[in-house]
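Structure file target-v8.txt (compact mmCIF, C-alpha atoms) is printed below.
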# COMPACT_ATOMS: atom_id res chain seq x y z
CA MET B 130 -44.38 -10.11 25.26
CA GLN B 131 -47.02 -12.78 25.69
CA ILE B 132 -46.61 -16.46 24.79
CA PHE B 133 -49.67 -18.40 23.62
CA ASN B 134 -49.94 -22.16 23.21
CA SER B 135 -52.28 -23.30 20.45
CA ASN B 136 -53.26 -26.30 22.60
CA GLU B 137 -54.67 -23.97 25.25
CA LEU B 138 -56.63 -21.57 23.05
CA ASP B 139 -59.48 -21.94 20.62
CA LYS B 140 -58.33 -21.34 17.03
CA ASN B 141 -60.81 -18.49 16.67
CA GLU B 142 -59.21 -16.81 19.69
CA LEU B 143 -55.78 -17.16 18.12
CA LYS B 144 -57.05 -15.77 14.83
CA LYS B 145 -58.47 -12.78 16.68
CA ILE B 146 -55.11 -12.21 18.35
CA LEU B 147 -53.43 -12.21 14.92
CA GLN B 148 -55.78 -9.67 13.36
CA LYS B 149 -54.54 -6.09 12.93
CA PRO B 150 -56.72 -3.01 13.49
CA MET B 151 -58.10 -1.33 10.37
CA LEU B 152 -56.60 2.05 9.47
CA ASP B 153 -59.64 3.96 10.76
CA GLU B 154 -59.41 2.10 14.08
CA VAL B 155 -55.85 3.17 14.88
CA THR B 156 -55.82 5.28 18.03
CA LEU B 157 -53.43 8.20 18.23
CA GLY B 158 -51.12 8.43 21.22
CA GLU B 159 -51.37 11.28 23.69
CA GLY B 160 -48.32 12.96 22.18
CA ALA B 161 -49.93 13.07 18.72
CA LYS B 162 -53.24 14.29 20.17
CA ASN B 163 -51.48 17.10 22.03
CA LYS B 164 -49.53 18.05 18.91
CA ILE B 165 -52.78 18.30 16.92
CA LYS B 166 -54.42 20.48 19.58
CA GLU B 167 -51.34 22.72 19.79
CA THR B 168 -51.06 23.03 16.00
CA PHE B 169 -54.71 23.41 15.03
CA GLY B 170 -56.02 25.01 18.20
CA LYS B 171 -58.62 22.33 18.89
CA GLU B 172 -59.05 18.61 19.41
CA MET B 173 -59.35 16.72 16.12
CA THR B 174 -59.16 13.15 14.94
CA ALA B 175 -56.49 12.17 12.43
CA GLN B 176 -59.21 11.88 9.77
CA GLU B 177 -60.45 15.41 10.50
CA VAL B 178 -56.94 16.82 10.30
CA VAL B 179 -56.31 15.14 6.97
CA LYS B 180 -59.61 16.28 5.44
CA GLU B 181 -58.99 19.88 6.49
CA ILE B 182 -55.48 19.87 5.03
CA ILE B 183 -56.60 18.30 1.75
CA LEU B 184 -59.44 20.81 1.29
CA ASN B 185 -57.11 23.77 1.87
CA ILE B 186 -54.43 22.44 -0.48
CA LYS B 187 -57.07 21.83 -3.14
CA GLN B 188 -58.38 25.40 -2.79
CA LYS B 189 -55.22 27.40 -2.06
CA GLY B 190 -52.37 25.40 -3.62
CA ASP B 191 -48.86 26.61 -2.77
CA GLU B 192 -50.10 29.04 -0.13
CA ALA B 193 -51.55 26.15 1.89
CA VAL B 194 -48.43 24.03 1.31
CA PHE B 195 -46.25 26.78 2.83
CA TYR B 196 -48.69 27.29 5.70
CA TYR B 197 -48.82 23.65 6.78
CA THR B 198 -45.08 23.17 6.34
CA LYS B 199 -44.58 26.07 8.73
CA ILE B 200 -47.05 25.03 11.43
CA ILE B 201 -46.38 21.29 11.29
CA ASP B 202 -42.70 21.01 10.31
CA ASN B 203 -41.58 24.42 11.67
CA THR B 204 -39.99 25.20 8.32
CA GLU B 205 -40.37 28.42 6.31
CA LEU B 206 -40.55 27.80 2.56
CA ASN B 207 -41.39 29.80 -0.55
CA LYS B 208 -41.66 29.08 -4.27
CA ASP B 209 -37.87 29.25 -4.67
CA THR B 210 -36.92 27.04 -1.73
CA LEU B 211 -39.74 24.49 -2.14
CA VAL B 212 -37.89 22.79 -5.00
CA VAL B 213 -34.54 21.11 -4.42
CA SER B 214 -31.96 22.77 -6.66
CA GLU B 215 -29.19 21.13 -8.66
CA ALA B 216 -26.71 22.99 -6.45
CA GLU B 217 -28.18 21.29 -3.37
CA ILE B 218 -27.95 17.89 -5.03
CA ASN B 219 -24.33 18.47 -6.10
CA ALA B 220 -23.44 19.58 -2.60
CA ALA B 221 -25.03 16.44 -1.20
CA PHE B 222 -22.86 14.27 -3.46
CA SER B 223 -19.75 16.02 -2.17
CA ARG B 224 -20.65 15.17 1.42
CA VAL B 225 -21.64 11.50 1.06
CA SER B 226 -18.85 9.03 1.80
CA PRO B 227 -17.55 6.74 -0.98
CA ASP B 228 -18.66 3.65 0.98
CA LEU B 229 -22.25 4.88 1.28
CA LEU B 230 -22.28 5.96 -2.36
CA ASP B 231 -21.13 2.47 -3.36
CA ALA B 232 -23.86 0.88 -1.23
CA VAL B 233 -26.53 3.04 -2.85
CA LYS B 234 -25.27 2.23 -6.35
CA THR B 235 -25.22 -1.51 -5.57
CA ALA B 236 -28.76 -1.38 -4.20
CA ILE B 237 -30.01 0.51 -7.26
CA ALA B 238 -28.33 -1.96 -9.63
CA ASN B 239 -29.84 -4.98 -7.85
CA VAL B 240 -33.31 -3.46 -7.62
CA GLU B 241 -33.18 -2.47 -11.29
CA LYS B 242 -32.07 -5.93 -12.41
CA PHE B 243 -34.89 -7.62 -10.46
CA HIS B 244 -37.56 -5.25 -11.75
CA VAL B 245 -36.40 -5.47 -15.36
CA GLU B 246 -37.20 -9.18 -15.13
CA GLN B 247 -40.75 -8.24 -14.09
CA LEU B 248 -41.46 -6.16 -17.18
CA PRO B 249 -44.65 -7.42 -18.85
CA LYS B 250 -44.97 -7.66 -22.62
CA SER B 251 -47.81 -6.38 -24.75
CA TRP B 252 -49.28 -9.27 -26.73
CA PHE B 253 -51.63 -10.16 -29.58
CA THR B 254 -53.36 -13.41 -30.45
CA GLU B 255 -55.19 -14.32 -33.66
CA ARG B 256 -58.68 -15.76 -33.44
CA GLU B 257 -61.25 -16.98 -35.96
CA PHE B 258 -61.75 -15.21 -39.32
CA GLY B 259 -58.72 -12.95 -38.91
CA SER B 260 -59.77 -11.26 -35.66
CA LEU B 261 -57.07 -10.04 -33.29
CA LEU B 262 -57.17 -9.69 -29.51
CA GLY B 263 -54.44 -8.43 -27.25
CA GLN B 264 -53.23 -6.38 -24.34
CA LYS B 265 -51.10 -3.25 -24.37
CA TYR B 266 -49.00 -2.09 -21.39
CA THR B 267 -48.38 1.65 -21.03
CA PRO B 268 -46.54 3.45 -18.20
CA VAL B 269 -48.29 6.30 -16.40
CA ASP B 270 -47.03 9.73 -17.42
CA ARG B 271 -46.14 11.08 -13.98
CA VAL B 272 -45.74 9.43 -10.59
CA GLY B 273 -45.35 11.05 -7.20
CA ILE B 274 -43.30 9.14 -4.62
CA TYR B 275 -43.45 9.91 -0.92
CA VAL B 276 -40.32 9.46 1.17
CA PRO B 277 -40.46 9.94 4.97
CA GLY B 278 -38.08 12.66 6.14
CA GLY B 279 -37.57 15.23 8.84
CA THR B 280 -35.35 13.39 11.33
CA ALA B 281 -35.65 10.12 9.36
CA VAL B 282 -33.21 8.95 6.69
CA TYR B 283 -34.66 6.51 4.17
CA PRO B 284 -32.64 6.33 0.94
CA SER B 285 -33.94 2.77 0.55
CA SER B 286 -37.51 4.12 0.22
CA VAL B 287 -36.33 6.37 -2.60
CA ILE B 288 -34.75 3.44 -4.43
CA MET B 289 -37.68 1.06 -3.98
CA ASN B 290 -40.19 3.57 -5.36
CA ALA B 291 -38.20 5.35 -8.05
CA VAL B 292 -36.34 2.47 -9.71
CA PRO B 293 -39.39 0.34 -10.69
CA ALA B 294 -41.11 3.51 -11.95
CA ARG B 295 -38.12 4.26 -14.15
CA VAL B 296 -37.91 0.65 -15.34
CA ALA B 297 -41.62 0.80 -16.20
CA GLY B 298 -40.93 3.79 -18.45
CA VAL B 299 -42.43 6.61 -16.35
CA LYS B 300 -41.09 9.90 -17.76
CA GLU B 301 -41.64 12.13 -14.72
CA ILE B 302 -40.85 10.88 -11.22
CA ILE B 303 -41.70 13.55 -8.66
CA MET B 304 -40.47 13.04 -5.10
CA VAL B 305 -41.82 14.72 -1.97
CA SER B 306 -40.24 14.51 1.46
CA PRO B 307 -40.63 16.59 4.64
CA PRO B 308 -37.72 18.94 5.28
CA ALA B 309 -35.69 19.39 8.44
CA LYS B 310 -36.26 22.62 10.38
CA ASP B 311 -33.47 24.30 8.41
CA GLY B 312 -35.29 23.57 5.14
CA THR B 313 -32.94 20.85 3.92
CA LEU B 314 -33.33 17.23 2.92
CA ASN B 315 -30.87 14.53 3.93
CA ASP B 316 -27.78 14.25 1.71
CA LEU B 317 -28.07 10.49 1.22
CA VAL B 318 -31.74 10.78 0.28
CA LEU B 319 -30.89 13.39 -2.36
CA VAL B 320 -28.06 11.28 -3.74
CA ALA B 321 -30.28 8.19 -3.93
CA ALA B 322 -32.99 10.21 -5.68
CA LYS B 323 -30.62 11.51 -8.34
CA LEU B 324 -29.08 8.10 -9.02
CA ALA B 325 -32.46 6.31 -9.02
CA GLY B 326 -33.94 8.58 -11.68
CA VAL B 327 -36.10 11.08 -9.77
CA THR B 328 -36.73 14.07 -12.04
CA LYS B 329 -37.82 16.68 -9.46
CA ILE B 330 -37.79 16.88 -5.66
CA PHE B 331 -40.01 18.98 -3.41
CA LYS B 332 -39.48 19.74 0.30
CA VAL B 333 -42.94 18.94 1.59
CA GLY B 334 -44.31 16.07 3.65
CA GLY B 335 -47.38 14.83 5.46
CA ALA B 336 -50.96 14.98 4.22
CA GLN B 337 -50.18 18.29 2.51
CA ALA B 338 -47.65 16.57 0.22
CA ILE B 339 -50.15 13.87 -0.77
CA ALA B 340 -52.83 16.48 -1.48
CA ALA B 341 -50.40 18.53 -3.56
CA LEU B 342 -49.56 15.49 -5.66
CA ALA B 343 -53.22 14.54 -6.07
CA PHE B 344 -54.51 17.96 -7.16
CA GLY B 345 -51.40 19.83 -8.24
CA THR B 346 -50.43 23.34 -7.12
CA GLU B 347 -48.81 26.31 -8.85
CA THR B 348 -45.40 24.66 -8.29
CA ILE B 349 -46.02 20.95 -7.70
CA PRO B 350 -47.43 19.09 -10.71
CA LYS B 351 -50.38 16.72 -10.37
CA ALA B 352 -49.36 13.05 -10.34
CA ASP B 353 -51.23 10.17 -11.97
CA LYS B 354 -50.16 7.78 -9.23
CA ILE B 355 -48.87 8.25 -5.67
CA THR B 356 -46.67 5.64 -3.99
CA GLY B 357 -44.56 5.29 -0.89
CA PRO B 358 -44.99 4.73 2.85
CA GLY B 359 -45.65 7.31 5.54
CA ASN B 360 -47.24 7.87 8.92
CA ILE B 361 -50.97 7.59 9.63
CA PHE B 362 -51.64 11.10 8.28
CA VAL B 363 -49.92 10.27 4.99
CA THR B 364 -51.77 6.97 4.71
CA LEU B 365 -55.16 8.52 5.49
CA ALA B 366 -54.45 11.23 2.92
CA LYS B 367 -53.70 8.62 0.27
CA LYS B 368 -57.00 6.96 1.09
CA GLU B 369 -58.82 10.29 0.87
CA VAL B 370 -57.41 11.36 -2.52
CA TYR B 371 -57.81 7.98 -4.20
CA GLY B 372 -59.80 8.58 -7.37
CA TYR B 373 -58.16 11.92 -8.09
CA ALA B 374 -54.96 9.91 -8.41
CA ASP B 375 -54.22 6.22 -8.11
CA ILE B 376 -52.29 4.94 -5.10
CA ASP B 377 -50.12 1.90 -4.50
CA MET B 378 -51.59 0.70 -1.18
CA LEU B 379 -52.53 1.81 2.32
CA ALA B 380 -49.37 1.04 4.24
CA GLY B 381 -49.44 0.68 8.01
CA PRO B 382 -46.79 0.02 10.69
CA SER B 383 -44.02 -2.45 9.88
CA GLU B 384 -44.46 -6.09 10.84
CA ILE B 385 -42.73 -9.45 10.71
CA LEU B 386 -43.87 -13.01 11.37
CA ILE B 387 -41.27 -15.74 11.82
CA ILE B 388 -42.01 -19.45 11.52
CA ALA B 389 -39.28 -21.41 13.31
CA ASP B 390 -38.66 -24.95 14.47
CA GLU B 391 -36.19 -26.37 16.98
CA THR B 392 -33.29 -25.95 14.52
CA ALA B 393 -33.54 -22.15 14.52
CA ASP B 394 -30.87 -20.09 16.24
CA PRO B 395 -32.61 -18.05 18.99
CA SER B 396 -30.15 -15.19 18.57
CA TYR B 397 -31.10 -14.92 14.86
CA VAL B 398 -34.81 -15.02 15.66
CA ALA B 399 -34.49 -12.38 18.38
CA ALA B 400 -32.42 -10.10 16.13
CA ASP B 401 -34.96 -10.35 13.32
CA MET B 402 -37.88 -9.64 15.64
CA LEU B 403 -36.09 -6.58 16.99
CA SER B 404 -35.29 -5.37 13.48
CA GLN B 405 -38.96 -4.58 12.97
CA VAL B 406 -40.03 -3.21 16.34
CA GLU B 407 -37.28 -0.58 16.34
CA HIS B 408 -39.21 1.15 13.51
CA ASP B 409 -42.22 2.34 15.46
CA VAL B 410 -44.16 1.80 18.68
CA LEU B 411 -46.99 0.48 16.46
CA ALA B 412 -44.77 -2.10 14.73
CA SER B 413 -45.16 -5.78 15.53
CA SER B 414 -43.08 -8.97 15.61
CA ILE B 415 -44.67 -12.42 15.88
CA LEU B 416 -42.90 -15.73 16.35
CA VAL B 417 -44.79 -18.93 15.55
CA THR B 418 -42.73 -21.92 16.61
CA THR B 419 -43.15 -25.64 17.16
CA SER B 420 -40.59 -25.55 19.96
CA SER B 421 -41.46 -24.33 23.46
CA ASP B 422 -37.73 -24.37 24.29
CA LEU B 423 -37.00 -22.01 21.40
CA ALA B 424 -39.79 -19.68 22.57
CA LYS B 425 -38.16 -19.36 25.99
CA GLU B 426 -34.66 -18.94 24.55
CA VAL B 427 -35.85 -16.21 22.19
CA THR B 428 -37.41 -14.18 25.02
CA VAL B 429 -34.11 -14.30 26.90
CA GLU B 430 -32.13 -13.36 23.80
CA ILE B 431 -34.47 -10.45 23.04
CA GLU B 432 -33.80 -8.95 26.47
CA LYS B 433 -30.03 -9.24 25.95
CA GLN B 434 -30.08 -7.65 22.49
CA LEU B 435 -32.69 -5.04 23.39
CA ALA B 436 -30.44 -3.57 26.08
CA LYS B 437 -27.86 -2.66 23.43
CA LEU B 438 -30.21 -0.88 21.00
CA PRO B 439 -30.26 2.93 20.73
CA ARG B 440 -34.01 2.76 19.96
CA GLN B 441 -34.76 0.35 22.80
CA GLU B 442 -37.67 2.36 24.24
CA ILE B 443 -39.52 2.28 20.91
CA ALA B 444 -38.72 -1.41 20.45
CA LYS B 445 -39.77 -2.32 24.00
CA THR B 446 -43.12 -0.55 23.63
CA ALA B 447 -43.82 -2.34 20.35
CA LEU B 448 -42.82 -5.69 21.88
CA ASP B 449 -45.05 -5.19 24.91
CA LYS B 450 -48.08 -3.90 23.04
CA ASN B 451 -48.10 -5.54 19.63
CA SER B 452 -45.82 -8.58 19.63
CA LEU B 453 -46.27 -12.19 20.72
CA ILE B 454 -45.06 -15.77 20.48
CA ILE B 455 -47.33 -18.66 19.51
CA ILE B 456 -46.38 -22.29 20.10
CA ALA B 457 -47.96 -24.34 17.33
CA LYS B 458 -48.60 -28.09 17.20
CA ASN B 459 -46.73 -28.52 13.91
CA LEU B 460 -45.42 -26.57 10.94
CA GLU B 461 -48.66 -26.96 8.98
CA GLU B 462 -50.52 -25.23 11.80
CA ALA B 463 -47.79 -22.58 11.91
CA ALA B 464 -48.37 -21.91 8.21
CA GLU B 465 -52.11 -21.66 8.89
CA PHE B 466 -51.52 -19.00 11.56
CA SER B 467 -49.18 -17.15 9.21
CA ASN B 468 -51.82 -17.10 6.47
CA GLU B 469 -54.32 -15.73 8.96
CA ALA B 470 -51.94 -12.89 9.85
CA ALA B 471 -50.97 -12.29 6.18
CA PRO B 472 -47.75 -10.55 7.31
CA GLU B 473 -45.77 -7.89 5.52
CA HIS B 474 -42.56 -9.88 6.06
CA LEU B 475 -42.49 -13.64 6.61
CA GLU B 476 -39.31 -15.47 7.58
CA ILE B 477 -39.17 -19.26 7.54
CA LEU B 478 -36.35 -20.48 9.80
CA THR B 479 -36.81 -24.23 9.71
CA ALA B 480 -34.72 -27.25 8.78
CA GLU B 481 -36.34 -27.32 5.31
CA PRO B 482 -37.80 -23.87 4.62
CA PHE B 483 -38.68 -24.55 0.98
CA ALA B 484 -40.85 -27.49 2.04
CA LEU B 485 -43.19 -25.06 3.81
CA LEU B 486 -43.42 -22.61 0.90
CA PRO B 487 -46.35 -24.37 -0.88
CA PHE B 488 -48.48 -23.90 2.27
CA ILE B 489 -47.97 -20.10 2.34
CA LYS B 490 -50.77 -18.17 0.65
CA HIS B 491 -50.62 -14.65 2.09
CA ALA B 492 -47.39 -12.72 2.66
CA GLY B 493 -45.78 -9.59 1.26
CA ALA B 494 -42.23 -10.95 1.06
CA ILE B 495 -41.03 -14.42 2.06
CA PHE B 496 -37.50 -14.95 3.39
CA LEU B 497 -36.30 -18.56 3.32
CA GLY B 498 -33.48 -19.88 5.48
CA LYS B 499 -31.24 -18.54 8.21
CA TYR B 500 -29.05 -16.48 5.88
CA SER B 501 -31.98 -14.50 4.44
CA PRO B 502 -32.80 -11.95 7.17
CA GLU B 503 -35.47 -9.34 6.48
CA PRO B 504 -33.00 -6.40 6.20
CA LEU B 505 -31.52 -8.16 3.17
CA GLY B 506 -34.79 -7.42 1.39
CA ASP B 507 -34.98 -3.92 2.82
CA TYR B 508 -31.78 -2.80 1.19
CA ILE B 509 -29.84 -4.86 -1.26
CA ALA B 510 -31.34 -8.14 -2.57
CA GLY B 511 -33.43 -6.56 -5.35
CA PRO B 512 -37.12 -7.36 -4.69
CA ASN B 513 -39.15 -4.38 -3.56
CA HIS B 514 -39.57 -3.60 0.12
CA VAL B 515 -42.79 -1.58 -0.25
CA LEU B 516 -45.14 -4.31 0.97
CA PRO B 517 -48.76 -4.73 2.08
CA THR B 518 -49.28 -4.46 5.84
CA GLY B 519 -52.04 -5.01 8.38
CA GLY B 520 -53.22 -8.27 6.81
CA SER B 521 -53.71 -6.65 3.40
CA ALA B 522 -51.30 -9.18 1.83
CA ARG B 523 -54.51 -11.16 1.36
CA PHE B 524 -55.39 -8.88 -1.56
CA TYR B 525 -52.49 -6.46 -2.19
CA SER B 526 -49.21 -7.25 -3.92
CA VAL B 527 -45.71 -5.94 -3.37
CA LEU B 528 -44.87 -2.72 -5.23
CA ASN B 529 -43.64 -3.74 -8.68
CA VAL B 530 -43.15 -2.57 -12.25
CA GLU B 531 -46.81 -3.13 -13.11
CA THR B 532 -47.75 -0.73 -10.28
CA PHE B 533 -46.60 2.02 -12.62
CA MET B 534 -48.25 0.68 -15.77
CA LYS B 535 -51.76 0.46 -17.21
CA LYS B 536 -53.26 -2.37 -19.24
CA SER B 537 -55.37 -1.61 -22.31
CA SER B 538 -57.33 -4.31 -24.12
CA ILE B 539 -56.90 -4.51 -27.90
CA ILE B 540 -59.79 -5.70 -30.10
CA SER B 541 -59.71 -5.87 -33.89
CA TYR B 542 -62.37 -7.89 -35.80
CA THR B 543 -62.73 -8.44 -39.51
CA GLU B 544 -66.10 -8.12 -41.23
CA LYS B 545 -66.49 -11.90 -41.33
CA ALA B 546 -65.50 -12.28 -37.67
CA LEU B 547 -68.07 -9.66 -36.58
CA SER B 548 -70.77 -11.17 -38.77
CA ASN B 549 -70.14 -14.57 -37.22
CA VAL B 550 -71.09 -13.33 -33.72
CA SER B 551 -73.42 -10.48 -34.62
CA ASP B 552 -76.66 -12.29 -33.71
CA LYS B 553 -75.36 -13.07 -30.23
CA ILE B 554 -74.28 -9.46 -29.62
CA ILE B 555 -77.61 -8.13 -30.89
CA ASN B 556 -79.61 -10.54 -28.74
CA LEU B 557 -77.64 -9.67 -25.60
CA ALA B 558 -77.87 -5.90 -26.26
CA LEU B 559 -81.65 -6.06 -26.84
CA ALA B 560 -82.05 -8.16 -23.69
CA GLU B 561 -80.42 -5.32 -21.78
CA GLY B 562 -82.68 -2.77 -23.48
CA LEU B 563 -79.76 -1.14 -25.33
CA ASP B 564 -81.09 -0.78 -28.87
CA ALA B 565 -78.33 1.56 -30.01
CA HIS B 566 -75.76 -1.04 -28.99
CA ALA B 567 -77.58 -3.60 -31.13
CA ASN B 568 -77.82 -1.22 -34.05
CA ALA B 569 -74.07 -0.47 -33.98
CA VAL B 570 -73.63 -4.13 -34.93
CA LYS B 571 -76.67 -4.42 -37.24
CA ILE B 572 -75.58 -1.48 -39.34
CA ARG B 573 -72.26 -3.15 -40.09
CA CYS B 574 -73.72 -6.52 -40.93
CA SER B 575 -76.49 -5.39 -43.30
CA LYS B 576 -79.08 -6.17 -40.67
CA GLY B 577 -80.31 -2.65 -40.13
CA GLU B 578 -81.12 0.46 -42.10
CA LYS B 579 -78.15 2.64 -43.06
Represent the structure from my file as structure tokens, please.
Amino acid sequence: MQIFNSNELDKNELKKILQKPMLDEVTLGEGAKNKIKETFGKEMTAQEVVKEIILNIKQKGDEAVFYYTKIIDNTELNKDTLVVSEAEINAAFSRVSPDLLDAVKTAIANVEKFHVEQLPKSWFTEREFGSLLGQKYTPVDRVGIYVPGGTAVYPSSVIMNAVPARVAGVKEIIMVSPPAKDGTLNDLVLVAAKLAGVTKIFKVGGAQAIAALAFGTETIPKADKITGPGNIFVTLAKKEVYGYADIDMLAGPSEILIIADETADPSYVAADMLSQVEHDVLASSILVTTSSDLAKEVTVEIEKQLAKLPRQEIAKTALDKNSLIIIAKNLEEAAEFSNEAAPEHLEILTAEPFALLPFIKHAGAIFLGKYSPEPLGDYIAGPNHVLPTGGSARFYSVLNVETFMKKSSIISYTEKALSNVSDKIINLALAEGLDAHANAVKIRCSKGEK
């Protein structure tokens, strides 16, 4: 992991270092390339794979879903086994330990409480001559949530997607997740789905799951909105189907940026950096510190903690390829670098973390103080952990209740109120060459022939 000193580099160079590749610029590893060639019988880019899958799902529905689940996930499915049954869910409950069940229930309760506080209110305001203006919030009818699966176990992803949808008032919450080779989904994932309010679960993952949600098949209903994180094929599929259905965001590999001063505990900083890079070889951890001593201590501590991790090879690759330490002149400059990176997760481990908060403009979630590690937000605190990545925190927001709602404008004018502005509307409409627009006002205000 490289260490950069802001005194030794031009700021533009540092900004370039902090920039993440765009989704279309992500290069597949050799393993993924070989898997594509083996599965599809030819060399293809990730974009080409996704487009082919989407087209086939759109044209062939369930048949294509079963085909891709077989060749990609090595799982045989049919119309009966595609849907998770109540018997499977009940069996999952019987196998989950009481401690894990309690943890899931606590997480759901905290996430629900936080998102209830986000609920927006429809509103009206009275204007001149009895006119009314307002805004009406309405939940979407059906949402599809994607939960990574196969060998992965992510009940937290279920909770973070399903609970705000339920709080928003969504009536149908459809979940898709790739099955294991034996055609099952993880017990804890099923339990979390049931408790969080998911109404139906399908054993399908990858680009084929996103396409099925976007277009609908004989068995899987079409969703109005698709949310949830996934690998590059899932993310590219979401990008491709946008317009047929809405999406939450284009999520990339996990990332964290930590701003720390000389008061930070190097063991805490190292642990938090490792908590992200164990996700994926494409994940990244960045430390921006005002202390060169801390930078050195953190590198030593990372090596010590890394040796004890089961996923150390993944973490080491991500540290070597995507992670770095920057020594900044002061905390204001550190905040500037953080804003340039616009990280998914931002931790502020300084003597006075709240003092730096006003300088932060771009971040998905902000963790303040040494007792607020990033995993707290991942699981139990309550705020959502589905966050913008790859610098997109500049323009995307965290997944929230409004993600699952639509805003409609309300306009109600009285005759007098319309008459009062009729000339202005008519003049603007005629200036745009839209005579019928002008006449729709004239005819109501006795200024045109009826």
Determine, using all atoms listed in the file, which residues of range 272-323 of chain B have any atom at most 8 Å from an atom of range 203-215 of chain B, and tabulate each with its shortest atom pair and distance in Å to one decimal place, rows ordered by chain and then rising number, as a Markdown table.
| residue | atom | partner | partner_atom | distance |
| --- | --- | --- | --- | --- |
| B:Pro308 | CA | B:Thr204 | CA | 7.3 |
| B:Ala309 | CA | B:Thr204 | CA | 7.2 |
| B:Lys310 | CA | B:Thr204 | CA | 5.0 |
| B:Asp311 | CA | B:Thr204 | CA | 6.6 |
| B:Gly312 | CA | B:Thr204 | CA | 5.9 |
So which residues touch range 525-540 of chain B within 8 Å, counting all atoms listed in the file, skipping near sequence neighbours fewer than 4 positions away, as a PyMOL selection string?
chain B and resi 244-245+247-249+253+260-269+272+290+293-294+296-297+299+354+377-378+493-494+513-517+521
Using only C-alpha atoms, determine which residues lie at most 9 Å from range 471-474 of chain B, disregarding the query and same-chain residues fewer than 6 positions distant; provide the list as a PyMOL selection string.
chain B and resi 383-387+490-496+503+516-523
Include C-alpha atoms and write out the residues we just selected as a short mmCIF file (atom, residue, chain, number, x, y, z; two decimals), in the coordinates of the input.
data_model
loop_
_atom_site.label_atom_id
_atom_site.label_comp_id
_atom_site.auth_asym_id
_atom_site.auth_seq_id
_atom_site.Cartn_x
_atom_site.Cartn_y
_atom_site.Cartn_z
CA SER B 383 -44.02 -2.45 9.88
CA GLU B 384 -44.46 -6.09 10.84
CA ILE B 385 -42.73 -9.45 10.71
CA LEU B 386 -43.87 -13.01 11.37
CA ILE B 387 -41.27 -15.74 11.82
CA LYS B 490 -50.77 -18.17 0.65
CA HIS B 491 -50.62 -14.65 2.09
CA ALA B 492 -47.39 -12.72 2.66
CA GLY B 493 -45.78 -9.59 1.26
CA ALA B 494 -42.23 -10.95 1.06
CA ILE B 495 -41.03 -14.42 2.06
CA PHE B 496 -37.50 -14.95 3.39
CA GLU B 503 -35.47 -9.34 6.48
CA LEU B 516 -45.14 -4.31 0.97
CA PRO B 517 -48.76 -4.73 2.08
CA THR B 518 -49.28 -4.46 5.84
CA GLY B 519 -52.04 -5.01 8.38
CA GLY B 520 -53.22 -8.27 6.81
CA SER B 521 -53.71 -6.65 3.40
CA ALA B 522 -51.30 -9.18 1.83
CA ARG B 523 -54.51 -11.16 1.36
#
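Considering only C-alpha atoms, the residue among B:Ile200, B:Met130, B:Met402, B:Val305 positioned nearest to Glu167 in chain B is B:Ile200.
Computed from the coordinates, the CA of Pro487 in chain B to CA of Leu416 in chain B distance equals 19.6 Å.
Considering the residues B:Met289, B:Ala480, B:Leu453, B:Ala322 and counting all atoms listed in the file, Thr356 in chain B has its shortest atom-to-atom contact with B:Met289.
Of the listed residues B:Val233, B:Ala560, B:Ile186, B:Val178, the one whose atoms come nearest to Val320 in chain B is B:Val233, with distances taken using all atoms listed in the file.
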Kindly assemble as JSON lines a list of the range 279-389 of chain B residues that lie within 7 Å of range 217-231 of chain B, each paired with its nearest atom pair and their distance in Å to one decimal, using only C-alpha atoms, sorted first by chain and then by ascending residue number.
{"residue": "B:Asp316", "atom": "CA", "partner": "B:Ala221", "partner_atom": "CA", "distance": 4.6}
{"residue": "B:Leu317", "atom": "CA", "partner": "B:Val225", "partner_atom": "CA", "distance": 6.5}
{"residue": "B:Leu319", "atom": "CA", "partner": "B:Ile218", "partner_atom": "CA", "distance": 6.0}
{"residue": "B:Val320", "atom": "CA", "partner": "B:Phe222", "partner_atom": "CA", "distance": 6.0}
Expected file: the selected residues, C-alpha atoms, as a CSV table (one decimal), in the frame of the given file:
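After the write, again11.csv holds the following:
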chain,number,residue,atom,x,y,z
B,316,ASP,CA,-27.8,14.2,1.7
B,317,LEU,CA,-28.1,10.5,1.2
B,319,LEU,CA,-30.9,13.4,-2.4
B,320,VAL,CA,-28.1,11.3,-3.7
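Across the model, the gap from CA of Lys545 in chain B to CA of Arg256 in chain B is 11.8 Å.
Between CA of Lys166 in chain B and CA of Tyr196 in chain B the separation is 16.5 Å.
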Output, as AutoDock Vina command-line options, the centre and edge lengths in Å (one decimal) of the axis-aligned box that contains all listed atoms of range 425-441 of chain B with 4 Å of margin on each side.
--center_x -33.0 --center_y -8.2 --center_z 23.4 --size_x 18.3 --size_y 30.3 --size_z 14.9
Leaving out Val429 in chain B and any residue of its chain fewer than 3 positions from it, which residues lie within 12 Å of it when counting only C-alpha atoms, given as a ChimeraX atom specification?
/B:130,395-396,398-400,422-426,432-436
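Using only C-alpha atoms, the shortest contact distance between Lys180 in chain B and any of B:Phe258, B:Phe344, B:Phe133, B:Phe362 is found at B:Phe362.
With distances taken over all atoms listed in the file, B:Asn459 is the one residue among B:Ala567, B:Phe524, B:Asn459, B:Ser548 lying closest to Asn134 in chain B.
Distances here use only C-alpha atoms; by that measure, the residue among B:Ile303, B:Val370, B:Leu438, B:Leu314 closest to Tyr283 in chain B is B:Leu314.
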